[in-house]
Amino acid sequence: MSNYTVSYAPHINDPVTTNRIMLDVVIALCPAFLCANIVFGFRASLVVGVCVATCVLCEGLYEKAMGRPLTIRDLSAVVTGMILAYNLPVTIPLWQAVFGSAVAILMVKQLFGGLGKNFANPAVTGRIVMFLAFSSSMTTWIKPYNAISDMFTGAIAGIPTDAITGATVDVVADAITGATPLALIAKGQLDAMPSLWNLFLGIRGGCLGETSVLALLIGGAYLLIRRVISWHAPVSFIATVFALTALLGAHPVYQILSGGLFLGAFFMATDYVTTPITDEGRAIFGVGAGALTVIIRLYGSYPEGVSFALLIMNTLVPYINKLTFHKALGGQTREK
């Protein structure tokens, strides 16, 4: 018996770690990162870099100050920074990107105890706080056509603002600002809409990481193949938006290809911490987020509703988990 090692459960080792999962998410986000630089210019890299650096720095400094183990190597802060940056316009002043990143890490993640204890998605909440605090800069868009043409002519594309102060450069501002597809739909200006092909590729106005549906599908497919996420939340989310907008005669194909639906469906509605733990719960979460997105888009004062829908559904996750809880074979449900 002396050759046996006795230890507490669990007795099964799994090579999948938090670091490995987060690395897969970073890899899945890379196609959208590449497209953002092609469509909007290299300032996209600057915005992403600032958000990621701020998130990592805030997490490290807070944990050091509180005497907690450092968790920056698990890459969760990197993922938060990337997803937050993808939800920002490329013209965002950098100090505002720093503010939003600090809110996401400190207020939403660390003050609730760190990874696994936050009730809301940090990137989603940081984005909403920024939208409410800086509504003007958060709704200033550039036309990607100008950015692409500038790239081919050798100019530095996609930098309509001063990289440090965020002040608008008047010489080019009027030439490159434009409405997003969702804003055009809300105004009934369908004639000004980009083609479906351009919407699919990402040649349109919008946040820097949300425009290319193709890139987001590639990233989502990678996560599904790696079994990092399940299909239930993304498919139910997108399908609900399509079905409801079709039922309401609100241009369903344009609705699903516009805005941040695919970014939200594959990279925010699949967050392990703030979404349900069962497949049935994830499907309910996706349907609820899709329905709220449609309601906000069609009847709200803001043409996009993905972030608000996800935040609302985050608060309902404990109830969805309770509703879809699987009782163990032969077990009993505990009455309270």
# chains A, B, ... in the order shown; residues from 1 in each chain; ligands from 1

$ residues_around --residues "region 58-69 of chain A" --least-positions-apart "2" --cutoff "9 Å" --atoms "only C-alpha atoms" --output "short mmCIF file (atom, residue, chain, number, x, y, z; two decimals) with C-alpha atoms, in the first residue's frame"
data_model
loop_
_atom_site.label_atom_id
_atom_site.label_comp_id
_atom_site.auth_asym_id
_atom_site.auth_seq_id
_atom_site.Cartn_x
_atom_site.Cartn_y
_atom_site.Cartn_z
CA ALA A 53 -1.80 47.42 -22.09
CA THR A 54 -4.15 49.32 -19.76
CA CYS A 55 -6.11 46.20 -18.85
CA VAL A 56 -2.97 44.20 -18.06
CA THR A 71 -3.11 36.54 -12.78
CA ILE A 72 -1.96 38.55 -15.78
CA ALA A 77 -6.98 40.81 -19.19
CA SER A 101 -10.21 49.73 -19.96
CA ALA A 102 -9.64 50.74 -16.33
CA ILE A 105 -10.79 45.67 -15.15
CA LEU A 106 -11.01 47.54 -11.85
CA LYS A 109 -13.70 42.48 -12.66
CA GLN A 110 -11.32 43.07 -9.75
CA GLY A 114 -11.33 38.77 -10.09
#

$ residues_around --residues "Phe262 (chain A)" --least-positions-apart "4" --cutoff "7 Å" --atoms "only C-alpha atoms" --output "number ranges by chain"
A: 213, 216, 266

$ closest_residue --among "A:Ala291, A:Ala179, A:Leu257, A:Ile277" --to "Trp141 (chain A)" --atoms "only C-alpha atoms"
A:Ala179

$ closest_residue --among "A:Thr274, A:Thr91, A:Asn321, A:Thr140" --to "Ser45 (chain A)" --atoms "only C-alpha atoms"
A:Thr91

$ residues_around --residues "Asp24 (chain A)" --least-positions-apart "5" --cutoff "8 Å" --atoms "only C-alpha atoms" --output "list in words"
Leu223, Arg226 and Val228 of chain A

$ closest_residue --among "A:Leu310, A:Ala215, A:Val253, A:Ile238" --to "Ser195 (chain A)" --atoms "only C-alpha atoms"
A:Val253

$ atom_distance --atom1 "CA of Ala309 (chain A)" --atom2 "CA of Met107 (chain A)"
19.9 Å

$ residues_around --residues "Pro31 (chain A)" --least-positions-apart "5" --cutoff "9 Å" --atoms "only C-alpha atoms" --output "ChimeraX atom specification"
/A:36,212,214-216,218-219

$ write_last_selection --atoms "N, CA and C atoms" --output "PDB file, in the first residue's frame"
ATOM      1  N   ALA A  36      -9.442  44.945 -39.334  1.00  0.00           N
ATOM      2  CA  ALA A  36      -9.572  46.299 -38.799  1.00  0.00           C
ATOM      3  C   ALA A  36      -8.435  47.189 -39.297  1.00  0.00           C
ATOM      4  N   SER A 212     -16.174  43.155 -40.027  1.00  0.00           N
ATOM      5  CA  SER A 212     -16.004  42.027 -40.943  1.00  0.00           C
ATOM      6  C   SER A 212     -16.669  40.773 -40.402  1.00  0.00           C
ATOM      7  N   LEU A 214     -17.022  38.056 -42.071  1.00  0.00           N
ATOM      8  CA  LEU A 214     -16.179  36.943 -42.506  1.00  0.00           C
ATOM      9  C   LEU A 214     -15.094  36.651 -41.481  1.00  0.00           C
ATOM     10  N   ALA A 215     -14.402  37.681 -41.022  1.00  0.00           N
ATOM     11  CA  ALA A 215     -13.324  37.494 -40.046  1.00  0.00           C
ATOM     12  C   ALA A 215     -13.861  36.949 -38.732  1.00  0.00           C
ATOM     13  N   LEU A 216     -15.017  37.428 -38.299  1.00  0.00           N
ATOM     14  CA  LEU A 216     -15.607  36.959 -37.053  1.00  0.00           C
ATOM     15  C   LEU A 216     -16.093  35.516 -37.183  1.00  0.00           C
ATOM     16  N   ILE A 218     -14.677  33.271 -39.104  1.00  0.00           N
ATOM     17  CA  ILE A 218     -13.456  32.456 -39.065  1.00  0.00           C
ATOM     18  C   ILE A 218     -13.023  32.255 -37.616  1.00  0.00           C
ATOM     19  N   GLY A 219     -13.040  33.339 -36.845  1.00  0.00           N
ATOM     20  CA  GLY A 219     -12.676  33.233 -35.435  1.00  0.00           C
ATOM     21  C   GLY A 219     -13.644  32.370 -34.657  1.00  0.00           C
TER      22      GLY A 219
END

$ closest_atom_pairs --of "region 226-318 of chain A" --to "region 185-191 of chain A" --cutoff "10 Å" --atoms "only C-alpha atoms" --output "CSV"
residue,atom,partner,partner_atom,distance
A:Ala250,CA,A:Ile185,CA,8.6
A:His251,CA,A:Ile185,CA,8.5
A:Tyr254,CA,A:Ile185,CA,8.3
A:Gln255,CA,A:Ile185,CA,8.5
A:Ser258,CA,A:Ile185,CA,9.5
A:Arg297,CA,A:Ala186,CA,8.0
A:Leu298,CA,A:Ala186,CA,7.5
A:Tyr299,CA,A:Ala186,CA,9.6
A:Ser301,CA,A:Ala186,CA,9.5
A:Tyr302,CA,A:Ala186,CA,9.0
A:Pro303,CA,A:Ala186,CA,6.4
A:Glu304,CA,A:Ala186,CA,9.7
